[in-house]
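model_0.cif, holding mmCIF, C-alpha atoms and all ligand atoms:
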```
data_coords
loop_
_atom_site.label_atom_id
_atom_site.label_comp_id
_atom_site.auth_asym_id
_atom_site.auth_seq_id
_atom_site.Cartn_x
_atom_site.Cartn_y
_atom_site.Cartn_z
CA MET J 109 138.47 81.75 75.54
CA ARG J 110 138.68 78.16 76.71
CA TYR J 111 136.32 77.57 79.62
CA LEU J 112 136.64 74.66 82.00
CA ILE J 113 133.19 73.78 83.37
CA THR J 114 133.16 71.39 86.31
CA GLY J 115 129.84 69.56 86.38
CA GLY J 116 129.56 70.40 82.68
CA ALA J 117 127.21 67.49 81.92
CA GLY J 118 124.80 68.52 84.66
CA PHE J 119 121.60 70.49 84.35
CA ILE J 120 123.12 73.98 84.63
CA GLY J 121 126.54 72.97 83.26
CA SER J 122 125.11 71.67 80.00
CA HIS J 123 123.09 74.84 79.41
CA LEU J 124 126.16 76.96 80.18
CA SER J 125 128.37 74.86 77.87
CA GLU J 126 125.84 75.25 75.08
CA ALA J 127 125.65 79.04 75.48
CA LEU J 128 129.44 79.43 75.64
CA LEU J 129 129.89 77.40 72.45
CA ALA J 130 127.21 79.50 70.74
CA ALA J 131 129.15 82.62 71.77
CA GLY J 132 132.26 81.25 70.04
CA HIS J 133 134.17 79.97 73.09
CA GLN J 134 135.82 76.60 73.58
CA VAL J 135 134.52 74.41 76.39
CA THR J 136 136.03 71.53 78.33
CA ALA J 137 133.49 69.90 80.64
CA ILE J 138 134.60 67.63 83.45
CA ASP J 139 131.86 65.51 85.01
CA ASP J 140 131.82 62.17 86.84
CA LEU J 141 128.27 61.55 85.58
CA SER J 142 127.03 60.99 89.13
CA THR J 143 124.07 63.31 88.72
CA GLY J 144 125.19 64.76 85.37
CA ARG J 145 124.10 62.84 82.28
CA MET J 146 125.75 62.04 78.96
CA GLN J 147 122.41 62.74 77.30
CA ASN J 148 122.61 66.40 78.41
CA VAL J 149 125.73 67.03 76.31
CA GLN J 150 125.24 64.49 73.52
CA PRO J 151 124.45 67.15 70.89
CA LEU J 152 127.49 69.20 71.96
CA THR J 153 129.91 66.33 71.33
CA GLN J 154 129.50 67.01 67.59
CA ASP J 155 131.15 70.42 68.10
CA ALA J 156 134.95 70.43 67.71
CA SER J 157 135.14 73.20 70.32
CA PHE J 158 133.63 70.92 72.98
CA GLN J 159 135.40 68.28 74.99
CA LEU J 160 133.95 66.09 77.77
CA VAL J 161 136.25 64.51 80.35
CA VAL J 162 134.48 61.85 82.46
CA GLU J 163 136.35 62.08 85.73
CA THR J 164 135.94 63.30 89.28
CA ILE J 165 137.18 66.79 90.11
CA THR J 166 139.08 65.39 93.09
CA ASN J 167 141.50 63.76 90.63
CA ALA J 168 144.28 66.32 91.07
CA THR J 169 146.38 65.03 88.15
CA VAL J 170 143.56 65.40 85.64
CA MET J 171 142.53 68.75 87.10
CA ASP J 172 146.11 70.00 86.83
CA ARG J 173 146.15 69.34 83.09
CA LEU J 174 142.68 70.75 82.43
CA VAL J 175 143.26 73.91 84.47
CA SER J 176 146.64 74.50 82.82
CA GLU J 177 144.93 74.35 79.40
CA CYS J 178 141.97 76.65 80.14
CA ASP J 179 141.56 80.43 80.48
CA LEU J 180 138.73 80.45 82.99
CA ILE J 181 136.99 77.99 85.32
CA VAL J 182 133.31 77.80 86.24
CA HIS J 183 132.99 75.40 89.16
CA LEU J 184 129.51 73.88 89.22
CA ALA J 185 130.28 70.29 90.22
CA ALA J 186 128.72 69.51 93.58
CA ALA J 187 126.44 67.12 95.40
CA VAL J 188 123.03 68.78 95.05
CA GLY J 189 119.40 67.96 95.73
CA VAL J 190 117.95 67.86 99.24
CA GLU J 191 117.16 64.14 99.07
CA LEU J 192 120.63 63.16 97.88
CA ILE J 193 122.16 65.32 100.59
CA VAL J 194 120.09 63.83 103.37
CA ARG J 195 120.67 60.30 102.08
CA SER J 196 124.41 60.62 101.41
CA PRO J 197 125.89 63.21 103.78
CA VAL J 198 129.48 61.85 103.57
CA HIS J 199 129.45 62.02 99.78
CA THR J 200 127.99 65.54 100.00
CA ILE J 201 130.61 66.89 102.38
CA GLU J 202 133.53 65.21 100.63
CA THR J 203 132.49 66.23 97.13
CA ASN J 204 131.75 69.81 98.04
CA VAL J 205 134.71 70.45 100.30
CA LEU J 206 137.48 68.35 98.71
CA GLY J 207 136.32 69.10 95.16
CA THR J 208 136.33 72.86 95.62
CA GLU J 209 139.63 72.69 97.43
CA THR J 210 141.18 70.86 94.45
CA VAL J 211 139.70 73.36 91.99
CA LEU J 212 140.97 76.41 93.88
CA ARG J 213 144.42 74.98 94.65
CA THR J 214 144.91 74.13 90.97
CA ALA J 215 143.50 77.47 89.82
CA ARG J 216 146.00 79.23 92.03
CA ARG J 217 148.89 77.22 90.56
CA TYR J 218 148.07 78.53 87.07
CA ARG J 219 146.44 81.81 88.18
CA LYS J 220 143.13 81.14 86.45
CA LYS J 221 140.03 83.17 87.16
CA THR J 222 137.48 80.95 88.93
CA LEU J 223 133.72 81.32 89.36
CA ILE J 224 132.31 79.29 92.22
CA ALA J 225 128.66 78.23 92.27
CA SER J 226 127.07 78.51 95.67
CA THR J 227 123.53 78.35 96.95
CA SER J 228 120.70 80.13 98.70
CA GLU J 229 120.87 77.33 101.30
CA ILE J 230 123.70 79.43 102.75
CA TYR J 231 121.08 81.72 104.32
CA GLY J 232 119.64 78.75 106.22
CA LYS J 233 116.52 79.36 108.25
CA LEU J 234 116.53 83.15 108.06
CA ASN J 235 113.08 84.66 107.71
CA ASN J 236 113.85 88.26 106.85
CA VAL J 237 113.46 88.08 103.07
CA PRO J 238 114.77 89.27 100.72
CA PHE J 239 118.21 87.85 101.51
CA SER J 240 121.17 90.13 100.80
CA GLU J 241 124.65 88.79 100.19
CA ASP J 242 126.04 90.21 103.45
CA ASP J 243 123.21 88.94 105.67
CA ASP J 244 124.05 86.59 108.54
CA SER J 245 123.08 82.97 108.06
CA LEU J 246 121.07 80.77 110.41
CA ILE J 247 122.22 77.20 109.96
CA GLY J 248 120.51 74.37 111.86
CA ALA J 249 122.07 71.79 114.17
CA THR J 250 124.69 69.35 112.89
CA THR J 251 122.31 66.46 113.63
CA HIS J 252 120.16 67.60 110.68
CA HIS J 253 122.06 66.40 107.61
CA ARG J 254 120.46 68.97 105.36
CA TRP J 255 122.71 71.62 106.90
CA ALA J 256 125.84 69.74 105.81
CA TYR J 257 125.16 71.07 102.34
CA ALA J 258 124.85 74.72 103.40
CA THR J 259 127.91 74.40 105.62
CA SER J 260 130.00 72.74 102.92
CA LYS J 261 129.08 75.46 100.43
CA ALA J 262 129.78 78.15 103.04
CA LEU J 263 133.25 76.65 103.45
CA ASP J 264 133.67 76.75 99.65
CA GLU J 265 132.81 80.44 99.73
CA PHE J 266 135.20 81.12 102.60
CA LEU J 267 137.98 79.31 100.78
CA ALA J 268 137.38 81.12 97.49
CA LEU J 269 137.34 84.52 99.17
CA ALA J 270 140.44 83.58 101.17
CA TYR J 271 142.32 82.67 97.96
CA HIS J 272 141.30 86.06 96.63
CA LYS J 273 142.41 87.95 99.71
CA GLU J 274 145.62 86.13 100.46
CA MET J 275 146.82 85.10 97.02
CA ASP J 276 145.08 87.60 94.79
CA LEU J 277 143.33 84.83 92.85
CA PRO J 278 140.50 86.29 90.75
CA VAL J 279 137.37 84.57 92.10
CA VAL J 280 133.64 85.29 91.85
CA VAL J 281 130.99 83.55 93.96
CA PHE J 282 127.38 83.32 92.78
CA ARG J 283 124.52 82.01 94.93
CA LEU J 284 121.77 80.29 92.97
CA PHE J 285 118.15 80.37 94.15
CA ASN J 286 116.05 77.40 92.92
CA THR J 287 117.17 77.25 89.31
CA ILE J 288 114.76 75.33 87.05
CA GLY J 289 114.39 74.45 83.39
CA PRO J 290 114.57 71.66 80.86
CA ARG J 291 117.00 68.79 81.73
CA GLN J 292 116.56 69.17 85.49
CA ARG J 293 115.68 65.85 87.12
CA GLY J 294 113.16 65.31 89.92
CA ARG J 295 115.03 62.36 91.33
CA TYR J 296 116.85 64.02 94.22
CA GLY J 297 114.23 66.59 95.25
CA MET J 298 113.87 69.45 92.74
CA VAL J 299 110.21 70.08 93.06
CA VAL J 300 109.20 71.41 89.62
CA PRO J 301 110.36 68.50 87.41
CA ARG J 302 109.13 66.12 90.10
CA PHE J 303 105.60 67.58 90.13
CA ALA J 304 105.59 67.67 86.33
CA ARG J 305 106.62 64.01 86.11
CA GLN J 306 104.06 63.00 88.73
CA ALA J 307 101.31 64.93 86.95
CA LEU J 308 102.16 63.48 83.55
CA SER J 309 102.20 59.92 84.84
CA GLY J 310 98.96 60.29 86.82
CA ALA J 311 100.76 59.70 90.14
CA ASP J 312 99.94 61.67 93.28
CA ILE J 313 101.55 65.13 93.35
CA THR J 314 103.42 65.07 96.66
CA VAL J 315 103.37 68.41 98.48
CA TYR J 316 105.52 68.33 101.61
CA GLY J 317 104.28 69.87 104.86
CA ASP J 318 101.28 72.16 104.45
CA GLY J 319 102.53 73.48 101.11
CA GLN J 320 102.53 77.07 102.36
CA GLN J 321 106.33 77.27 102.11
CA SER J 322 107.31 79.30 99.07
CA ARG J 323 110.19 79.56 96.62
CA CYS J 324 111.27 81.86 93.79
CA PHE J 325 112.14 79.81 90.70
CA CYS J 326 114.59 81.18 88.16
CA ASP J 327 114.94 79.73 84.67
CA VAL J 328 118.37 78.32 83.80
CA ARG J 329 118.24 80.32 80.57
CA ASP J 330 118.28 83.48 82.73
CA VAL J 331 120.94 82.09 85.07
CA VAL J 332 123.39 81.26 82.26
CA PRO J 333 123.75 84.87 80.99
CA ALA J 334 124.29 86.01 84.60
CA ILE J 335 127.20 83.57 84.95
CA MET J 336 128.67 84.60 81.58
CA GLU J 337 128.42 88.30 82.41
CA LEU J 338 129.96 87.80 85.85
CA ALA J 339 132.82 85.92 84.19
CA ALA J 340 133.50 88.81 81.84
CA GLU J 341 133.26 91.60 84.43
CA PRO J 342 136.53 92.42 86.28
CA GLN J 343 134.63 94.38 88.94
CA ALA J 344 132.86 91.18 90.02
CA GLU J 345 136.11 89.68 91.32
CA GLY J 346 136.37 89.00 95.05
CA ARG J 347 132.62 89.41 95.49
CA VAL J 348 129.49 87.33 96.13
CA PHE J 349 126.29 87.69 94.05
CA ASN J 350 122.75 86.40 94.48
CA VAL J 351 121.31 85.05 91.23
CA GLY J 352 117.60 84.33 91.27
CA ALA J 353 114.07 85.48 90.57
CA GLN J 354 111.92 87.44 93.00
CA VAL J 355 108.46 86.15 92.15
CA GLU J 356 107.35 83.93 95.03
CA ILE J 357 105.01 80.98 94.74
CA ALA J 358 103.72 78.68 97.51
CA ILE J 359 104.49 75.02 96.82
CA LEU J 360 100.80 74.06 97.04
CA ASP J 361 99.98 76.71 94.41
CA LEU J 362 102.82 75.35 92.29
CA ALA J 363 101.25 71.88 92.49
CA HIS J 364 97.91 73.29 91.29
CA LYS J 365 99.61 75.18 88.48
CA VAL J 366 101.48 72.10 87.25
CA LYS J 367 98.33 69.99 87.47
CA GLU J 368 96.40 72.55 85.45
CA MET J 369 99.12 73.01 82.83
CA THR J 370 99.44 69.25 82.26
CA GLY J 371 95.65 68.69 82.26
CA SER J 372 96.40 65.92 84.77
CA GLN J 373 93.91 63.91 86.84
CA SER J 374 96.52 63.38 89.57
CA ALA J 375 95.53 64.01 93.17
CA ILE J 376 97.49 66.63 95.08
CA ILE J 377 98.37 65.19 98.48
CA LEU J 378 100.05 66.57 101.59
CA VAL J 379 102.97 64.49 102.83
CA PRO J 380 104.29 65.15 106.34
CA TYR J 381 107.99 66.02 106.28
CA GLU J 382 108.99 63.08 108.43
CA GLN J 383 107.55 60.73 105.82
CA ALA J 384 109.08 62.64 102.95
CA THR J 385 112.64 62.90 104.20
CA GLU J 386 114.28 62.39 107.58
CA GLN J 387 112.96 62.69 111.12
CA GLY J 388 113.10 66.31 112.25
CA PHE J 389 113.64 67.60 108.70
CA GLU J 390 113.81 71.37 108.56
CA ASP J 391 112.46 73.17 105.51
CA MET J 392 112.73 76.87 104.77
CA HIS J 393 109.49 78.81 104.86
CA ARG J 394 110.48 81.50 102.36
CA ARG J 395 113.53 82.18 100.25
CA VAL J 396 113.69 85.37 98.20
CA PRO J 397 116.89 86.91 96.83
CA ASP J 398 117.82 90.57 96.91
CA ILE J 399 119.32 90.94 93.42
CA GLY J 400 120.26 94.61 93.73
CA ARG J 401 123.99 93.89 93.64
CA ILE J 402 124.09 92.00 90.34
CA HIS J 403 121.53 94.36 88.83
CA LYS J 404 123.64 97.38 89.73
CA LEU J 405 126.83 95.89 88.29
CA LEU J 406 125.48 94.21 85.16
CA GLY J 407 121.88 95.37 84.74
CA TRP J 408 120.95 91.66 85.01
CA GLU J 409 117.47 90.54 85.98
CA PRO J 410 115.45 87.44 85.15
CA ARG J 411 113.08 87.65 82.20
CA ILE J 412 111.51 84.24 81.71
CA PRO J 413 108.14 83.85 83.49
CA LEU J 414 107.50 80.75 85.62
CA GLU J 415 104.73 79.55 83.29
CA ARG J 416 107.14 79.35 80.37
CA SER J 417 109.69 77.41 82.40
CA ILE J 418 107.04 74.96 83.53
CA ALA J 419 105.65 74.62 79.99
CA ASP J 420 109.13 73.84 78.61
CA ILE J 421 109.82 71.32 81.38
CA ILE J 422 106.51 69.57 80.65
CA LEU J 423 107.29 69.53 76.92
CA GLN J 424 110.70 68.01 77.49
CA LEU J 425 109.40 65.33 79.83
CA LYS J 426 106.67 64.44 77.32
CA GLN J 427 109.29 64.12 74.57
CA GLU J 428 111.42 61.87 76.76
CA GLY J 429 108.48 59.64 77.60
CA PRO J 430 108.18 57.70 80.86
CA GLY J 431 111.24 56.44 82.65
CA ASP J 432 112.66 58.93 85.13
CA PRO J 433 112.49 57.00 88.37
CA ILE J 434 111.39 59.10 91.31
CA SER J 435 111.91 57.38 94.62
CA GLU J 436 108.86 57.82 96.80
CA ARG J 437 108.50 56.85 100.40
CA PRO J 438 105.23 55.20 101.35
CA VAL J 439 102.62 57.68 102.47
CA SER J 440 100.69 56.24 105.40
CA GLU J 441 97.90 58.81 105.47
CA ARG J 442 96.94 60.14 102.09
CA VAL J 443 95.62 63.69 102.54
CA VAL J 444 94.18 64.76 99.21
CA VAL J 445 93.90 68.52 98.79
CA GLY J 446 93.35 68.92 95.08
N1 LIG C 1 108.87 69.72 97.79
C1 LIG C 1 107.60 69.14 97.81
N2 LIG C 1 107.43 67.95 97.19
C2 LIG C 1 108.43 67.29 96.54
C3 LIG C 1 109.71 67.87 96.51
C4 LIG C 1 109.89 69.10 97.16
O1 LIG C 1 106.66 69.72 98.39
O2 LIG C 1 108.17 66.19 96.00
C5 LIG C 1 109.06 71.03 98.45
C6 LIG C 1 110.23 71.09 99.43
O3 LIG C 1 109.86 70.65 100.71
C7 LIG C 1 110.55 72.57 99.41
C8 LIG C 1 110.23 72.99 97.98
O4 LIG C 1 109.37 71.98 97.46
O5 LIG C 1 109.74 73.28 100.30
C9 LIG C 1 111.44 73.13 97.09
O6 LIG C 1 112.16 71.92 97.14
P1 LIG C 1 113.45 71.65 96.23
O7 LIG C 1 114.03 70.35 96.68
O8 LIG C 1 113.10 71.80 94.79
O9 LIG C 1 114.42 72.87 96.58
P2 LIG C 1 114.89 73.53 97.98
O10 LIG C 1 114.34 74.91 97.94
O11 LIG C 1 114.34 72.75 99.12
O12 LIG C 1 116.36 73.48 97.91
#
```
Can the structure from this file be put into structure tokens for me?
Ligand code: UDP
Amino acid sequence: MRYLITGGAGFIGSHLSEALLAAGHQVTAIDDLSTGRMQNVQPLTQDASFQLVVETITNATVMDRLVSECDLIVHLAAAVGVELIVRSPVHTIETNVLGTETVLRTARRYRKKTLIASTSEIYGKLNNVPFSEDDDSLIGATTHHRWAYATSKALDEFLALAYHKEMDLPVVVFRLFNTIGPRQRGRYGMVVPRFARQALSGADITVYGDGQQSRCFCDVRDVVPAIMELAAEPQAEGRVFNVGAQVEIAILDLAHKVKEMTGSQSAIILVPYEQATEQGFEDMHRRVPDIGRIHKLLGWEPRIPLERSIADIILQLKQEGPGDPISERPVSERVVVG
């Protein structure tokens, strides 16, 4: 099969491309290298079955050709990362809405099965974990730019499911919950590589709020097989699936774990949200997926423990050496907690 991966040079896209090539498929990756990186796919460019097109997915002419040539599309290209979203809300909305619209319209023209990446942000500020796919969402006010991301991805989901209902386009939506692993950057948020980089460089480890908010981190090497199995399963079509791990960790505990695993002397500090991001920033307290649906259909569940993911991220950052710039805002009061 020839797969078209939008965002194929990104963190998840490059791991997916690699796994598809290893399984004997052909891969065309389209990426505008905004947050994706050439370095992520450099080794793959040696493979005759891999092709990288450096272009934006809103280029309808290029997308027309690539979609016509492929068998299946995995649409990962998006503006991601809380800090990027808050800083560039226009870019976020336009990329996520217009990009997905181009992908689906072109997919329909050639009747190509399309998997759409979505996000646990969709659930918004709900507190009744675990979140099931059919739960209501609780999105904040439009004056908080963070919610532009959730809303844009919700529109992507609506559009994908509408193409399925009205035009019988085979689509599958998967919602990712805090995917982590080697190649993820800490630059636009993404707490694990950021803490690891801070710890390795001896900088303060910046825990936002009181650090009692928790997340479930799922290794990209568990996420990739879920995407591949969803792509191959006809019964997944027209449906939405949570993809994530269920082991929760508080962000302050994560900071301690990263500090310990790096043997770092860094201080762990608490940074008030308004200093970390925008005024009135709203974070989610907990975010746990119900993965019963994907487990029932495919038997899928995550296998890689958090410690291994963190260890591999640390190893990769050490191999890369210093040089991943992480923009920090000045912290007026430095509250050291570890
Ligand atoms: N976070 C933090 N320090 C950082 C970056 C993030 O404490 O330098 C927190 C953030 O406020 C959130 C959690 O870590 O509670 C996960 O953030 P991330 O951006 O990785 O993903 P999110 O779940 O917010 O999409």
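Shortest atom-to-atom contact with ligand LIG 1 (chain C) among J:Ser228, J:Ser157, J:Gln387, J:Ser125: J:Ser228, counting all atoms listed in the file.
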TODO: For CA of Pro238 in chain J and CA of Ala186 in chain J, quote the distance in Å rounded to one decimal.
DONE: 25.2 Å
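Residues of protein, DNA or RNA lying at most 7 Å from ligand LIG 1 (chain C), when all atoms listed in the file are considered, are Gly189, Val190, Glu229, Asn286, Gly297, Met298, Val299, Val300, Arg302, Phe303, Thr314, Val315, Tyr316, Gly317, Gly319, Gln321, Ser322, Arg323, Ile359, Asp391 and Met392 of chain J.
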Open item on the list: Neighbouring residues of range 158-162 of chain J were defined as those with any atom within 10 Å, considering only C-alpha atoms; residues of the same chain fewer than 3 positions away were excluded. Please report them as a VMD selection string.
Closed with: chain J and resid 110 to 117 125 to 126 128 to 129 133 to 141 146 149 to 150 152 to 155 165 170 174
Draw an axis-aligned box tight on the listed atoms of range 342-360 of chain J, then pad every side by 8 Å and write out centre and edge lengths in Å to one decimal as lines of an AutoDock Vina configuration file.
```
center_x = 118.7
center_y = 84.2
center_z = 91.9
size_x = 51.7
size_y = 36.3
size_z = 27.2
```
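The space separating CA of Gly400 in chain J from CA of Leu414 in chain J comes to 20.5 Å.
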Would you tabulate, counting all atoms listed in the file, all residues of range 211-279 of chain J that have an atom at most 8 Å from an atom of range 395-399 of chain J, showing the closest pair of atoms and their distance in Å to one decimal, sorted by chain then ascending number, as a tab-separated table?
```
residue	atom	partner	partner_atom	distance
J:Ser228	CA	J:Arg395	CA	7.6
J:Asn235	CA	J:Arg395	CA	7.9
J:Val237	CA	J:Val396	CA	5.6
J:Pro238	CA	J:Val396	CA	4.8
J:Phe239	CA	J:Pro397	CA	5.0
J:Ser240	CA	J:Asp398	CA	5.2
J:Glu241	CA	J:Asp398	CA	7.8
```
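Distances from J:Ala225, J:Ile422, J:Ile313, J:Val444 to Phe349 in chain J were compared using only C-alpha atoms, and the smallest one belongs to J:Ala225.
The space between CA of Ile120 in chain J and CA of Glu368 in chain J spans 26.8 Å.
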- [ ] Could you pull out every residue with an atom within 12 Å of (127.2, 89.3, 92.5), file coordinates, counting only C-alpha atoms, and send them as JSON, numbers by chain?
- [x] {"J": [223, 224, 225, 226, 240, 241, 242, 279, 280, 281, 282, 283, 284, 334, 335, 336, 337, 338, 339, 341, 342, 343, 344, 345, 346, 347, 348, 349, 350, 351, 352, 397, 398, 399, 400, 401, 402, 403, 404, 405, 406, 407, 408, 409]}
TODO: Find the residue from J:Pro290, J:Gly446, J:Pro278, J:Gly232 that sits nearest to Ala375 in chain J; use all atoms listed in the file when measuring.
DONE: J:Gly446
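Proximity of J:Ala262, J:Leu378, J:Ile288, J:Ala168 to Val331 in chain J, computed with all atoms listed in the file, is greatest for J:Ile288.
For range 415-417 of chain J, the non-local neighbours within 7 Å, defined as residues at least 3 positions apart in the same chain or in other chains and counting all atoms listed in the file, are Gly289, Asp327, Ile412, Asp420 and Ile421 of chain J.
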Task: Given all atoms listed in the file as the counted atoms, nearest of J:His123, J:Gln147, J:Tyr296, J:Lys233 to Ala384 in chain J - done: J:Tyr296
TODO: Return the single residue from J:Thr227, J:Thr169, J:Thr259, J:Ser142 that is closest to Phe285 in chain J, with distances computed using only C-alpha atoms.
DONE: J:Thr227
Task: For Arg213 in chain J: contacts at 10 Å, all atoms listed in the file, fewer than 5 positions along chain excluded, given as a list in words - done: Ala168, Met171, Asp172, Thr208, Tyr218, Arg219, Leu267, Ala268 and Tyr271 of chain J
Could those selected residues go to a file with C-alpha atoms, as a short mmCIF file (atom, residue, chain, number, x, y, z; two decimals), in the frame of the given file?
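Wrote selection-v7.cif, looks like this:
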```cif
data_model
loop_
_atom_site.label_atom_id
_atom_site.label_comp_id
_atom_site.auth_asym_id
_atom_site.auth_seq_id
_atom_site.Cartn_x
_atom_site.Cartn_y
_atom_site.Cartn_z
CA ALA J 168 144.28 66.32 91.07
CA MET J 171 142.53 68.75 87.10
CA ASP J 172 146.11 70.00 86.83
CA THR J 208 136.33 72.86 95.62
CA TYR J 218 148.07 78.53 87.07
CA ARG J 219 146.44 81.81 88.18
CA LEU J 267 137.98 79.31 100.78
CA ALA J 268 137.38 81.12 97.49
CA TYR J 271 142.32 82.67 97.96
#
```
